$ cat coords_28.csv   # CSV, C-alpha atoms (C1' of nucleotides)
chain,number,residue,atom,x,y,z
Q,1,MET,CA,-43.7,21.3,-8.6
Q,2,ASN,CA,-42.3,24.8,-7.9
Q,3,GLU,CA,-39.5,24.0,-5.6
Q,4,ALA,CA,-37.5,26.7,-7.3
Q,5,ARG,CA,-40.0,29.4,-6.3
Q,6,ASN,CA,-40.4,28.0,-2.8
Q,7,PRO,CA,-36.8,27.8,-1.8
Q,8,ASP,CA,-35.8,25.5,1.1
Q,9,ARG,CA,-32.8,25.8,3.2
Q,10,LEU,CA,-30.5,25.6,0.2
Q,11,SER,CA,-31.3,28.8,-1.5
Q,12,SER,CA,-32.4,30.7,1.6
Q,13,SER,CA,-28.9,30.3,2.9
Q,14,GLY,CA,-27.4,32.2,-0.1
Q,15,LEU,CA,-26.6,29.1,-2.1
Q,16,ARG,CA,-27.9,29.0,-5.7
Q,17,PHE,CA,-30.6,26.4,-5.8
Q,18,THR,CA,-29.5,24.7,-8.9
Q,19,PRO,CA,-31.1,21.4,-10.2
Q,20,GLN,CA,-27.8,19.6,-9.6
Q,21,ARG,CA,-27.5,20.7,-6.0
Q,22,ARG,CA,-31.1,19.9,-5.3
Q,23,HIS,CA,-30.7,16.5,-6.9
Q,24,VAL,CA,-27.6,15.7,-4.9
Q,25,TYR,CA,-29.2,16.8,-1.7
Q,26,HIS,CA,-32.3,14.7,-2.3
Q,27,ILE,CA,-30.1,11.7,-2.9
Q,28,LEU,CA,-28.5,12.1,0.4
Q,29,LEU,CA,-31.8,12.6,2.2
Q,30,GLN,CA,-33.4,9.6,0.5
Q,31,SER,CA,-31.0,6.9,1.6
Q,32,ARG,CA,-29.1,7.8,4.7
Q,33,ASP,CA,-26.4,5.3,4.3
Q,34,HIS,CA,-23.4,7.8,4.2
Q,35,PRO,CA,-22.4,7.3,0.6
Q,36,ALA,CA,-19.0,8.5,-0.7
Q,37,ALA,CA,-18.8,10.9,-3.6
Q,38,ASN,CA,-18.6,8.2,-6.3
Q,39,GLU,CA,-21.6,6.4,-4.9
Q,40,VAL,CA,-23.5,9.7,-4.9
Q,41,PHE,CA,-22.3,10.2,-8.5
Q,42,MET,CA,-23.7,6.8,-9.6
Q,43,ARG,CA,-27.0,7.4,-7.9
Q,44,ALA,CA,-27.2,11.0,-9.3
Q,45,LYS,CA,-26.7,9.8,-12.9
Q,46,LYS,CA,-30.0,7.8,-12.7
Q,47,GLY,CA,-32.2,10.9,-12.6
Q,48,MET,CA,-29.7,13.2,-14.3
Q,49,PRO,CA,-27.5,11.3,-16.7
Q,50,GLU,CA,-25.4,14.3,-17.8
Q,51,ILE,CA,-24.2,15.2,-14.3
Q,52,SER,CA,-20.4,15.1,-13.9
Q,53,MET,CA,-18.2,13.9,-11.1
Q,54,ALA,CA,-16.8,17.4,-10.7
Q,55,THR,CA,-20.3,18.7,-10.2
Q,56,VAL,CA,-21.0,16.1,-7.6
Q,57,TYR,CA,-17.9,17.2,-5.6
Q,58,ASN,CA,-18.9,20.8,-6.1
Q,59,CYS,CA,-22.5,20.2,-4.9
Q,60,LEU,CA,-21.3,18.2,-1.9
Q,61,GLU,CA,-18.9,20.9,-0.9
Q,62,ALA,CA,-21.6,23.6,-1.2
Q,63,LEU,CA,-23.9,21.6,0.9
Q,64,VAL,CA,-21.2,21.0,3.5
Q,65,ARG,CA,-20.3,24.7,3.5
Q,66,ARG,CA,-24.0,25.6,4.1
Q,67,GLY,CA,-24.1,23.2,7.0
Q,68,LEU,CA,-26.7,20.9,5.5
Q,69,VAL,CA,-24.4,18.0,5.2
Q,70,ARG,CA,-21.6,16.7,7.3
Q,71,GLN,CA,-18.5,14.9,6.1
Q,72,VAL,CA,-17.5,11.7,7.7
Q,73,ASN,CA,-14.0,10.4,7.4
Q,74,VAL,CA,-12.9,6.9,8.4
Q,75,ASP,CA,-9.2,6.5,8.2
Q,76,ARG,CA,-8.1,7.3,4.7
Q,77,THR,CA,-11.1,5.9,2.9
Q,78,ALA,CA,-13.1,8.2,0.7
Q,79,THR,CA,-15.0,10.9,2.5
Q,80,ARG,CA,-18.6,10.0,3.1
Q,81,TYR,CA,-21.6,12.4,3.5
Q,82,CYS,CA,-24.3,12.6,6.1
Q,83,PRO,CA,-27.4,14.8,5.9
Q,84,ASN,CA,-28.5,14.2,9.5
Q,85,LEU,CA,-28.4,17.5,11.3
Q,86,GLU,CA,-29.4,16.0,14.6
Q,87,GLN,CA,-26.7,15.8,17.3
Q,88,HIS,CA,-25.1,12.4,16.8
Q,89,CYS,CA,-21.7,10.7,16.3
Q,90,HIS,CA,-20.7,7.9,13.9
Q,91,PHE,CA,-20.3,4.2,14.3
Q,92,TYR,CA,-18.2,2.3,11.8
Q,93,CYS,CA,-18.8,-1.4,11.4
Q,94,GLU,CA,-15.4,-3.1,10.9
Q,95,THR,CA,-17.1,-6.0,9.1
Q,96,CYS,CA,-19.4,-4.5,6.5
Q,97,GLY,CA,-17.9,-1.0,6.4
Q,98,GLY,CA,-21.2,0.6,7.1
Q,99,ILE,CA,-21.6,3.8,8.9
Q,100,PHE,CA,-24.4,4.4,11.4
Q,101,ASP,CA,-25.6,7.5,13.3
Q,102,VAL,CA,-25.6,7.0,17.0
Q,103,ASP,CA,-26.8,9.1,19.9
Q,104,TYR,CA,-24.4,10.5,22.4
Q,105,ASP,CA,-24.2,13.0,25.2
Q,106,ALA,CA,-22.0,15.7,23.7
Q,107,ALA,CA,-21.9,17.9,26.8
Q,108,GLY,CA,-21.0,15.0,29.1
Q,109,ILE,CA,-18.3,13.9,26.7
Q,110,GLN,CA,-16.9,17.4,26.3
Q,111,SER,CA,-16.5,17.8,30.0
Q,112,ARG,CA,-14.5,14.6,30.2
Q,113,VAL,CA,-11.7,15.9,27.9
Q,114,THR,CA,-9.0,17.8,29.9
Q,115,LEU,CA,-7.5,20.5,27.6
Q,116,PRO,CA,-4.2,22.0,28.6
Q,117,GLU,CA,-4.1,25.6,29.9
Q,118,GLU,CA,-5.1,28.2,27.3
Q,119,PHE,CA,-6.3,25.7,24.8
Q,120,SER,CA,-9.9,26.3,23.5
Q,121,MET,CA,-12.2,23.8,21.9
Q,122,SER,CA,-14.3,24.7,18.9
Q,123,GLN,CA,-15.5,21.2,18.0
Q,124,LEU,CA,-15.5,17.7,19.3
Q,125,GLU,CA,-16.0,14.5,17.3
Q,126,VAL,CA,-16.5,11.0,18.5
Q,127,ALA,CA,-16.0,8.0,16.2
Q,128,VAL,CA,-16.9,4.5,17.4
Q,129,ARG,CA,-15.8,1.2,15.7
Q,130,GLY,CA,-17.2,-2.2,16.2
Q,131,LEU,CA,-19.7,-4.7,14.9
Q,132,CYS,CA,-23.2,-3.6,13.7
Q,133,ALA,CA,-26.3,-5.6,14.5
Q,134,GLY,CA,-26.6,-7.0,11.0
Q,135,CYS,CA,-23.1,-8.3,11.0
Q,136,ALA,CA,-23.4,-9.7,14.5
Q,137,ALA,CA,-26.5,-11.7,13.5
Q,138,ARG,CA,-24.8,-12.9,10.3
Q,139,LYS,CA,-21.8,-14.1,12.2
Q,140,SER,CA,-23.6,-15.9,14.9
Q,141,GLY,CA,-26.0,-17.5,12.4
Q,142,ARG,CA,-23.2,-18.7,10.2
Q,143,GLY,CA,-21.2,-19.9,13.2
Q,144,ARG,CA,-24.1,-22.2,14.3
Q,145,LYS,CA,-24.9,-23.5,10.9
Q,146,ARG,CA,-21.7,-23.9,9.0
Q,147,ALA,CA,-18.7,-22.7,11.0
Q,148,GLU,CA,-16.2,-23.8,8.4
Q,149,ALA,CA,-17.4,-21.2,6.0
Q,150,SER,CA,-16.3,-18.1,8.0
Q,151,ALA,CA,-12.6,-18.9,8.4
Q,152,PRO,CA,-10.4,-17.5,5.6
J,1,MET,CA,25.5,-1.2,21.7
J,2,ASN,CA,23.9,-4.5,21.4
J,3,GLU,CA,20.3,-3.6,20.9
J,4,ALA,CA,20.0,-6.3,18.3
J,5,ARG,CA,20.8,-9.0,20.9
J,6,ASN,CA,18.8,-7.3,23.6
J,7,PRO,CA,15.5,-7.0,21.7
J,8,ASP,CA,13.0,-4.5,22.9
J,9,ARG,CA,9.2,-4.5,22.2
J,10,LEU,CA,9.9,-4.5,18.4
J,11,SER,CA,11.6,-7.8,18.0
J,12,SER,CA,10.0,-9.5,20.9
J,13,SER,CA,6.6,-9.1,19.2
J,14,GLY,CA,7.7,-11.1,16.2
J,15,LEU,CA,8.7,-8.1,14.1
J,16,ARG,CA,12.2,-8.2,12.6
J,17,PHE,CA,14.2,-5.6,14.4
J,18,THR,CA,15.9,-4.0,11.4
J,19,PRO,CA,18.0,-0.9,11.6
J,20,GLN,CA,15.4,1.0,9.5
J,21,ARG,CA,12.5,0.1,11.8
J,22,ARG,CA,14.6,1.0,14.9
J,23,HIS,CA,15.6,4.3,13.3
J,24,VAL,CA,12.0,5.2,12.4
J,25,TYR,CA,10.8,4.3,15.8
J,26,HIS,CA,13.4,6.3,17.5
J,27,ILE,CA,12.6,9.3,15.4
J,28,LEU,CA,9.0,9.2,16.5
J,29,LEU,CA,10.0,8.8,20.2
J,30,GLN,CA,12.4,11.7,20.0
J,31,SER,CA,10.1,14.4,18.8
J,32,ARG,CA,6.5,13.8,19.7
J,33,ASP,CA,5.0,16.2,17.3
J,34,HIS,CA,3.0,13.7,15.2
J,35,PRO,CA,4.9,13.9,12.0
J,36,ALA,CA,3.5,12.7,8.7
J,37,ALA,CA,5.3,10.0,6.7
J,38,ASN,CA,7.2,12.5,4.5
J,39,GLU,CA,8.4,14.4,7.6
J,40,VAL,CA,9.5,11.1,9.1
J,41,PHE,CA,11.3,10.4,5.8
J,42,MET,CA,13.1,13.7,5.9
J,43,ARG,CA,14.2,13.2,9.5
J,44,ALA,CA,15.2,9.6,8.8
J,45,LYS,CA,17.5,10.6,6.0
J,46,LYS,CA,19.7,12.6,8.3
J,47,GLY,CA,20.9,9.5,10.2
J,48,MET,CA,20.4,7.0,7.3
J,49,PRO,CA,20.7,8.8,4.0
J,50,GLU,CA,19.9,5.7,1.8
J,51,ILE,CA,16.5,5.0,3.4
J,52,SER,CA,13.6,5.1,1.0
J,53,MET,CA,10.1,6.5,1.3
J,54,ALA,CA,8.7,3.0,0.7
J,55,THR,CA,10.7,1.7,3.6
J,56,VAL,CA,9.4,4.6,5.8
J,57,TYR,CA,5.9,3.6,5.0
J,58,ASN,CA,6.7,-0.1,5.6
J,59,CYS,CA,8.3,0.7,8.9
J,60,LEU,CA,5.5,2.9,10.1
J,61,GLU,CA,2.9,0.2,9.1
J,62,ALA,CA,4.9,-2.4,11.0
J,63,LEU,CA,5.0,-0.3,14.1
J,64,VAL,CA,1.3,0.4,13.9
J,65,ARG,CA,0.5,-3.2,13.4
J,66,ARG,CA,2.5,-4.1,16.5
J,67,GLY,CA,0.7,-1.4,18.5
J,68,LEU,CA,3.8,0.7,19.2
J,69,VAL,CA,2.5,3.6,17.2
J,70,ARG,CA,-1.0,5.1,16.6
J,71,GLN,CA,-2.1,6.7,13.3
J,72,VAL,CA,-3.8,10.0,13.6
J,73,ASN,CA,-6.0,11.2,10.8
J,74,VAL,CA,-7.3,14.7,10.5
J,75,ASP,CA,-9.7,15.1,7.7
J,76,ARG,CA,-8.0,14.0,4.5
J,77,THR,CA,-4.6,15.4,5.3
J,78,ALA,CA,-1.6,13.0,5.4
J,79,THR,CA,-1.8,10.4,8.2
J,80,ARG,CA,0.4,11.4,11.1
J,81,TYR,CA,2.0,9.1,13.7
J,82,CYS,CA,2.0,9.1,17.4
J,83,PRO,CA,4.2,6.8,19.6
J,84,ASN,CA,2.4,7.8,22.9
J,85,LEU,CA,0.9,4.6,24.3
J,86,GLU,CA,-0.7,6.3,27.2
J,87,GLN,CA,-4.5,6.7,27.1
J,88,HIS,CA,-5.1,10.0,25.3
J,89,CYS,CA,-7.1,11.6,22.5
J,90,HIS,CA,-5.9,14.2,20.0
J,91,PHE,CA,-6.4,17.9,19.8
J,92,TYR,CA,-6.0,19.6,16.4
J,93,CYS,CA,-5.2,23.3,16.3
J,94,GLU,CA,-7.1,24.9,13.4
J,95,THR,CA,-4.6,27.7,13.2
J,96,CYS,CA,-1.2,26.1,13.2
J,97,GLY,CA,-2.2,22.6,12.2
J,98,GLY,CA,-0.4,21.1,15.2
J,99,ILE,CA,-1.6,18.0,17.0
J,100,PHE,CA,-1.5,17.6,20.7
J,101,ASP,CA,-2.1,14.7,23.0
J,102,VAL,CA,-4.8,15.4,25.6
J,103,ASP,CA,-6.1,13.5,28.6
J,104,TYR,CA,-9.6,12.2,28.6
J,105,ASP,CA,-11.9,9.9,30.6
J,106,ALA,CA,-12.3,7.1,28.2
J,107,ALA,CA,-14.7,5.1,30.3
J,108,GLY,CA,-16.9,8.1,31.1
J,109,ILE,CA,-17.1,9.0,27.5
J,110,GLN,CA,-17.8,5.5,26.4
J,111,SER,CA,-20.8,5.3,28.7
J,112,ARG,CA,-22.2,8.4,27.1
J,113,VAL,CA,-22.5,6.9,23.6
J,114,THR,CA,-25.8,5.0,23.2
J,115,LEU,CA,-25.3,2.2,20.7
J,116,PRO,CA,-28.4,0.6,19.1
J,117,GLU,CA,-29.4,-2.9,20.2
J,118,GLU,CA,-26.9,-5.6,19.2
J,119,PHE,CA,-24.2,-3.2,18.2
J,120,SER,CA,-20.9,-3.8,20.0
J,121,MET,CA,-18.0,-1.3,20.3
J,122,SER,CA,-14.4,-2.3,19.9
J,123,GLN,CA,-12.8,1.1,19.9
J,124,LEU,CA,-13.8,4.7,20.5
J,125,GLU,CA,-11.9,7.7,19.3
J,126,VAL,CA,-12.2,11.4,20.3
J,127,ALA,CA,-10.9,14.2,18.2
J,128,VAL,CA,-11.0,17.8,19.4
J,129,ARG,CA,-10.4,20.9,17.3
J,130,GLY,CA,-9.7,24.4,18.4
J,131,LEU,CA,-7.0,26.8,19.2
J,132,CYS,CA,-3.8,25.8,20.9
J,133,ALA,CA,-2.1,27.9,23.6
J,134,GLY,CA,0.7,29.1,21.4
J,135,CYS,CA,-1.7,30.3,18.7
J,136,ALA,CA,-4.0,31.9,21.3
J,137,ALA,CA,-1.1,33.9,22.7
J,138,ARG,CA,0.1,34.8,19.2
J,139,LYS,CA,-3.3,36.1,18.3
J,140,SER,CA,-4.0,38.1,21.3
J,141,GLY,CA,-0.5,39.6,21.3
J,142,ARG,CA,-0.8,40.6,17.6
J,143,GLY,CA,-4.4,41.8,18.2
J,144,ARG,CA,-3.2,44.2,20.9
J,145,LYS,CA,-0.1,45.5,19.1
J,146,ARG,CA,-1.1,45.6,15.4
J,147,ALA,CA,-4.6,44.4,14.8
J,148,GLU,CA,-4.4,45.3,11.1
J,149,ALA,CA,-1.8,42.7,10.4
J,150,SER,CA,-4.0,39.7,11.1
J,151,ALA,CA,-6.8,40.2,8.5
J,152,PRO,CA,-6.1,38.5,5.2
U,1,DC,C1',27.3,-22.1,5.2
U,2,DT,C1',22.9,-22.7,3.2
U,3,DT,C1',18.4,-22.1,2.5
U,4,DA,C1',13.9,-20.1,3.5
U,5,DT,C1',11.7,-16.1,4.5
U,6,DA,C1',11.3,-11.3,5.2
U,7,DA,C1',12.6,-6.5,4.4
U,8,DT,C1',14.4,-2.7,1.5
U,9,DA,C1',14.7,0.3,-2.6
U,10,DA,C1',13.2,2.5,-6.7
U,11,DG,C1',9.9,3.5,-9.4
U,12,DA,C1',5.3,2.6,-11.5
U,13,DA,C1',0.4,2.6,-10.4
U,14,DT,C1',-3.7,4.0,-8.0
U,15,DT,C1',-7.2,6.6,-5.4
U,16,DA,C1',-9.6,10.4,-4.3
U,17,DC,C1',-9.8,14.3,-4.9
U,18,DT,C1',-8.6,19.4,-6.7
U,19,DC,C1',-7.8,22.6,-10.3
U,20,DT,C1',-8.5,24.9,-14.9
U,21,DA,C1',-10.8,26.8,-18.6
U,22,DA,C1',-14.6,27.1,-21.7
U,23,DA,C1',-19.5,26.6,-22.0
U,24,DT,C1',-23.8,27.3,-19.8
U,25,DA,C1',-27.2,28.9,-16.4
U,26,DT,C1',-29.1,32.1,-13.0
U,27,DT,C1',-30.0,36.5,-10.8
U,28,DG,C1',-30.8,41.2,-10.6
U,29,DA,C1',-31.2,45.6,-13.1
U,30,DC,C1',-33.5,47.8,-16.6
O,1,DG,C1',-38.7,40.0,-21.2
O,2,DT,C1',-33.7,41.4,-22.2
O,3,DC,C1',-29.0,42.0,-20.9
O,4,DA,C1',-25.1,42.2,-18.2
O,5,DA,C1',-22.7,40.4,-14.2
O,6,DT,C1',-21.7,36.5,-11.6
O,7,DA,C1',-21.9,31.8,-10.4
O,8,DT,C1',-22.1,27.0,-11.8
O,9,DT,C1',-21.3,23.0,-14.7
O,10,DT,C1',-18.5,20.1,-17.5
O,11,DA,C1',-14.5,17.5,-19.1
O,12,DG,C1',-10.3,16.7,-18.6
O,13,DA,C1',-5.7,17.6,-16.7
O,14,DG,C1',-3.1,17.7,-12.4
O,15,DT,C1',-1.8,16.4,-7.6
O,16,DA,C1',-0.8,14.3,-3.0
O,17,DA,C1',-0.5,10.5,-0.4
O,18,DT,C1',-0.3,6.4,-0.5
O,19,DT,C1',0.1,1.4,-2.4
O,20,DC,C1',1.9,-2.0,-5.4
O,21,DT,C1',5.6,-4.5,-8.0
O,22,DT,C1',9.8,-6.5,-8.7
O,23,DA,C1',14.6,-7.1,-8.1
O,24,DT,C1',18.0,-6.9,-4.7
O,25,DT,C1',19.6,-7.5,-0.1
O,26,DA,C1',19.4,-8.9,4.7
O,27,DT,C1',18.1,-11.9,8.6
O,28,DA,C1',17.2,-16.1,11.1
O,29,DA,C1',17.0,-21.0,11.5
O,30,DG,C1',19.2,-25.3,10.7
$ encode --input "coords_28.csv" --output "structure tokens"
Amino acid sequence: MNEARNPDRLSSSGLRFTPQRRHVYHILLQSRDHPAANEVFMRAKKGMPEISMATVYNCLEALVRRGLVRQVNVDRTATRYCPNLEQHCHFYCETCGGIFDVDYDAAGIQSRVTLPEEFSMSQLEVAVRGLCAGCAARKSGRGRKRAEASAP
Amino acid sequence: MNEARNPDRLSSSGLRFTPQRRHVYHILLQSRDHPAANEVFMRAKKGMPEISMATVYNCLEALVRRGLVRQVNVDRTATRYCPNLEQHCHFYCETCGGIFDVDYDAAGIQSRVTLPEEFSMSQLEVAVRGLCAGCAARKSGRGRKRAEASAP
DNA sequence: CTTATAATAAGAATTACTCTAAATATTGAC
DNA sequence: GTCAATATTTAGAGTAATTCTTATTATAAG
């Protein structure tokens, strides 16, 4: 394939389209589960065993700077990365730790925040916490079949 | 004063009402500028010179667990602490780094997030970024008087 | 007063980056 | 293609903000 001669958004935005950056970007696109840098590193090593952690951080930062990837921070856990450019916010499952993209009405939400005089908004972020569908099913199933197993 | 015999929300919620915890809590209530732990530590040392950093972290965690204080995380900078129990969200000034409490319509916002089937929400958080009033004034003032000074 | 339990203090340890410097790769000009 | 200029990669050291450990001290219940 001649991806290098047929540059996608990476190189056309002024970023050098190196094999490492392409590889990291493709890893994010392939499994949209919001991996942290060390998870990206482990996946990246499979197809590119010599890649270093520093390069993974470097690539992720480059992708973020170019707007191809968003950072997702949940409390003080490791930053996770999201290649979904559609408008969305993030849902964090308190049981499994998974992050999910969810739809929201950004304009409607923005209009429901009352900034003080002379303040101006450049960006608004919504973070939702709760229980994801998979964990809800797992909990109710376990509750019916063997309730004793779920208490610590 | 007999605060120890006339317990406030700290001790009545099962938390030991130690001098250190009271002191840390009062520091947060006195200046509502969302200090990070090391700032709380520096302020705490003024009235209690022997207090340790570990104790400041311990006290802050205890207050958070009791719901008297909220943690505020902005990207991966140090966690900051907010004793405002009123419903509000946080505004982060990208110029001065200050955090400000702002009003919002939590219910209206919540209804504008569309969770997938079987997902349930336990908490929703809104973070706003932009320019605060003070920095806006400073910038326009400087812009008019000596524009050359603001470029790096 | 005594005993059980919890909190404090000091410092070591850990996590998730972030920086540094040398080696390597890529791009643009010939 | 070849070469210089510039950017990127790598490995490892360094850092900030916690987090943990252990001995000491304080508090609360009896």
$ residues_near_point --input "coords_28.csv" --point "(5.1, -4.6, 8.6)" --cutoff "12 Å" --atoms "all atoms listed in the file" --output "VMD selection string"
(chain J and resid 10 to 11 13 to 18 20 to 21 54 to 68) or (chain U and resid 6 to 8)
$ interface_residues --input "coords_28.csv" --of "chain O" --to "chain Q" --cutoff "9 Å" --atoms "all atoms listed in the file" --output "VMD selection string"
chain O and resid 7 to 11
$ closest_residue --input "coords_28.csv" --among "J:Pro83, J:His90, J:Gly97, J:Pro35" --to "chain Q" --atoms "all atoms listed in the file"
J:His90
$ calpha_fit_and_write --input "coords_28.csv" --fixed "chain J" --moving "chain Q" --output "short mmCIF file (atom, residue, chain, number, x, y, z; two decimals) with C-alpha atoms, in the frame of the given file"
data_model
loop_
_atom_site.label_atom_id
_atom_site.label_comp_id
_atom_site.auth_asym_id
_atom_site.auth_seq_id
_atom_site.Cartn_x
_atom_site.Cartn_y
_atom_site.Cartn_z
CA MET Q 1 25.65 -0.40 21.71
CA ASN Q 2 24.04 -3.86 21.38
CA GLU Q 3 20.47 -2.95 20.91
CA ALA Q 4 20.21 -5.79 18.45
CA ARG Q 5 21.12 -8.38 21.09
CA ASN Q 6 18.93 -6.75 23.72
CA PRO Q 7 15.72 -6.53 21.81
CA ASP Q 8 13.03 -4.06 22.96
CA ARG Q 9 9.43 -4.27 22.27
CA LEU Q 10 10.00 -4.30 18.53
CA SER Q 11 11.66 -7.59 18.11
CA SER Q 12 10.12 -9.27 21.15
CA SER Q 13 6.77 -8.83 19.51
CA GLY Q 14 7.82 -10.95 16.46
CA LEU Q 15 8.82 -8.00 14.33
CA ARG Q 16 12.31 -8.12 12.77
CA PHE Q 17 14.35 -5.49 14.50
CA THR Q 18 15.88 -4.02 11.47
CA PRO Q 19 18.05 -0.79 11.53
CA GLN Q 20 15.40 1.00 9.47
CA ARG Q 21 12.56 0.14 11.81
CA ARG Q 22 14.58 1.03 14.84
CA HIS Q 23 15.58 4.32 13.25
CA VAL Q 24 12.03 5.20 12.36
CA TYR Q 25 10.79 4.34 15.78
CA HIS Q 26 13.45 6.44 17.48
CA ILE Q 27 12.47 9.36 15.32
CA LEU Q 28 8.97 9.16 16.47
CA LEU Q 29 9.95 8.82 20.12
CA GLN Q 30 12.39 11.73 19.93
CA SER Q 31 10.04 14.46 18.81
CA ARG Q 32 6.46 13.74 19.63
CA ASP Q 33 4.97 16.17 17.27
CA HIS Q 34 2.86 13.62 15.18
CA PRO Q 35 4.78 13.87 11.94
CA ALA Q 36 3.31 12.54 8.66
CA ALA Q 37 5.17 9.95 6.65
CA ASN Q 38 7.07 12.46 4.49
CA GLU Q 39 8.21 14.39 7.51
CA VAL Q 40 9.41 11.13 9.07
CA PHE Q 41 11.14 10.37 5.74
CA MET Q 42 13.03 13.71 5.80
CA ARG Q 43 14.08 13.27 9.38
CA ALA Q 44 15.09 9.59 8.76
CA LYS Q 45 17.38 10.55 5.84
CA LYS Q 46 19.60 12.60 8.25
CA GLY Q 47 20.94 9.55 10.07
CA MET Q 48 20.34 7.10 7.23
CA PRO Q 49 20.61 8.81 3.88
CA GLU Q 50 19.83 5.71 1.77
CA ILE Q 51 16.45 5.03 3.38
CA SER Q 52 13.53 5.10 0.91
CA MET Q 53 10.03 6.45 1.20
CA ALA Q 54 8.64 2.96 0.67
CA THR Q 55 10.66 1.75 3.60
CA VAL Q 56 9.37 4.53 5.76
CA TYR Q 57 5.74 3.52 4.97
CA ASN Q 58 6.66 -0.09 5.55
CA CYS Q 59 8.32 0.64 8.94
CA LEU Q 60 5.40 2.81 10.04
CA GLU Q 61 2.92 0.15 9.15
CA ALA Q 62 4.91 -2.52 11.04
CA LEU Q 63 5.07 -0.36 14.04
CA VAL Q 64 1.35 0.37 13.86
CA ARG Q 65 0.58 -3.33 13.42
CA ARG Q 66 2.68 -4.13 16.55
CA GLY Q 67 0.76 -1.55 18.49
CA LEU Q 68 3.73 0.69 19.20
CA VAL Q 69 2.46 3.53 17.17
CA ARG Q 70 -0.95 4.92 16.53
CA GLN Q 71 -2.17 6.59 13.37
CA VAL Q 72 -3.89 9.88 13.57
CA ASN Q 73 -6.06 11.10 10.77
CA VAL Q 74 -7.41 14.65 10.48
CA ASP Q 75 -9.82 14.98 7.65
CA ARG Q 76 -8.09 13.93 4.48
CA THR Q 77 -4.66 15.25 5.32
CA ALA Q 78 -1.78 12.84 5.37
CA THR Q 79 -1.86 10.30 8.13
CA ARG Q 80 0.24 11.29 11.09
CA TYR Q 81 1.95 8.96 13.66
CA CYS Q 82 1.94 8.97 17.41
CA PRO Q 83 4.15 6.81 19.63
CA ASN Q 84 2.35 7.66 22.88
CA LEU Q 85 0.86 4.49 24.24
CA GLU Q 86 -0.76 6.22 27.16
CA GLN Q 87 -4.57 6.56 27.07
CA HIS Q 88 -5.19 9.89 25.38
CA CYS Q 89 -7.13 11.50 22.49
CA HIS Q 90 -5.99 14.12 19.95
CA PHE Q 91 -6.42 17.84 19.73
CA TYR Q 92 -6.00 19.54 16.38
CA CYS Q 93 -5.16 23.21 16.33
CA GLU Q 94 -7.10 24.82 13.44
CA THR Q 95 -4.51 27.62 13.26
CA CYS Q 96 -1.10 25.99 13.20
CA GLY Q 97 -2.20 22.47 12.25
CA GLY Q 98 -0.48 20.97 15.20
CA ILE Q 99 -1.62 17.90 16.91
CA PHE Q 100 -1.49 17.51 20.69
CA ASP Q 101 -2.14 14.56 23.04
CA VAL Q 102 -4.79 15.30 25.57
CA ASP Q 103 -6.12 13.41 28.56
CA TYR Q 104 -9.63 12.15 28.64
CA ASP Q 105 -11.88 9.83 30.57
CA ALA Q 106 -12.43 7.01 28.11
CA ALA Q 107 -14.81 5.02 30.30
CA GLY Q 108 -16.98 8.05 31.08
CA ILE Q 109 -17.09 8.95 27.41
CA GLN Q 110 -17.90 5.41 26.33
CA SER Q 111 -20.86 5.25 28.62
CA ARG Q 112 -22.27 8.43 27.14
CA VAL Q 113 -22.60 6.94 23.60
CA THR Q 114 -25.99 5.13 23.15
CA LEU Q 115 -25.47 2.27 20.63
CA PRO Q 116 -28.54 0.79 19.03
CA GLU Q 117 -29.68 -2.72 20.06
CA GLU Q 118 -27.21 -5.47 19.13
CA PHE Q 119 -24.49 -3.12 18.12
CA SER Q 120 -21.08 -3.76 19.85
CA MET Q 121 -18.24 -1.33 20.26
CA SER Q 122 -14.66 -2.40 19.75
CA GLN Q 123 -13.05 1.05 19.79
CA LEU Q 124 -13.85 4.63 20.49
CA GLU Q 125 -11.94 7.70 19.29
CA VAL Q 126 -12.33 11.27 20.28
CA ALA Q 127 -10.91 14.11 18.16
CA VAL Q 128 -11.02 17.69 19.45
CA ARG Q 129 -10.43 20.86 17.29
CA GLY Q 130 -9.69 24.30 18.45
CA LEU Q 131 -6.93 26.75 19.21
CA CYS Q 132 -3.68 25.62 20.97
CA ALA Q 133 -2.03 27.72 23.64
CA GLY Q 134 0.75 28.88 21.36
CA CYS Q 135 -1.63 30.13 18.76
CA ALA Q 136 -3.89 31.76 21.32
CA ALA Q 137 -0.94 33.74 22.75
CA ARG Q 138 0.22 34.70 19.24
CA LYS Q 139 -3.18 35.98 18.33
CA SER Q 140 -3.80 37.98 21.39
CA GLY Q 141 -0.28 39.44 21.30
CA ARG Q 142 -0.60 40.46 17.70
CA GLY Q 143 -4.10 41.82 18.26
CA ARG Q 144 -2.79 44.23 20.98
CA LYS Q 145 0.26 45.32 19.13
CA ARG Q 146 -0.58 45.54 15.49
CA ALA Q 147 -4.14 44.43 14.78
CA GLU Q 148 -3.97 45.32 11.12
CA ALA Q 149 -1.51 42.59 10.47
CA SER Q 150 -3.82 39.61 11.24
CA ALA Q 151 -6.65 40.38 8.81
CA PRO Q 152 -6.21 38.77 5.36
#
$ residues_near_point --input "coords_28.csv" --point "(6.2, 12.4, 11.8)" --cutoff "10 Å" --atoms "all atoms listed in the file" --output "list in words"
Val24, Ile27, Leu28, Leu29, Ser31, Arg32, Asp33, His34, Pro35, Ala36, Ala37, Asn38, Glu39, Val40, Phe41, Met42, Arg43, Ala44, Leu60, Thr79, Arg80, Tyr81, Cys82 and Pro83 of chain J
$ closest_residue --input "coords_28.csv" --among "J:Arg138, J:Asn73, J:Glu86, J:His23" --to "chain Q" --atoms "only C-alpha atoms"
J:Asn73
$ atom_distance --input "coords_28.csv" --atom1 "CA of Ala136 (chain Q)" --atom2 "CA of Thr95 (chain Q)"
9.1 Å
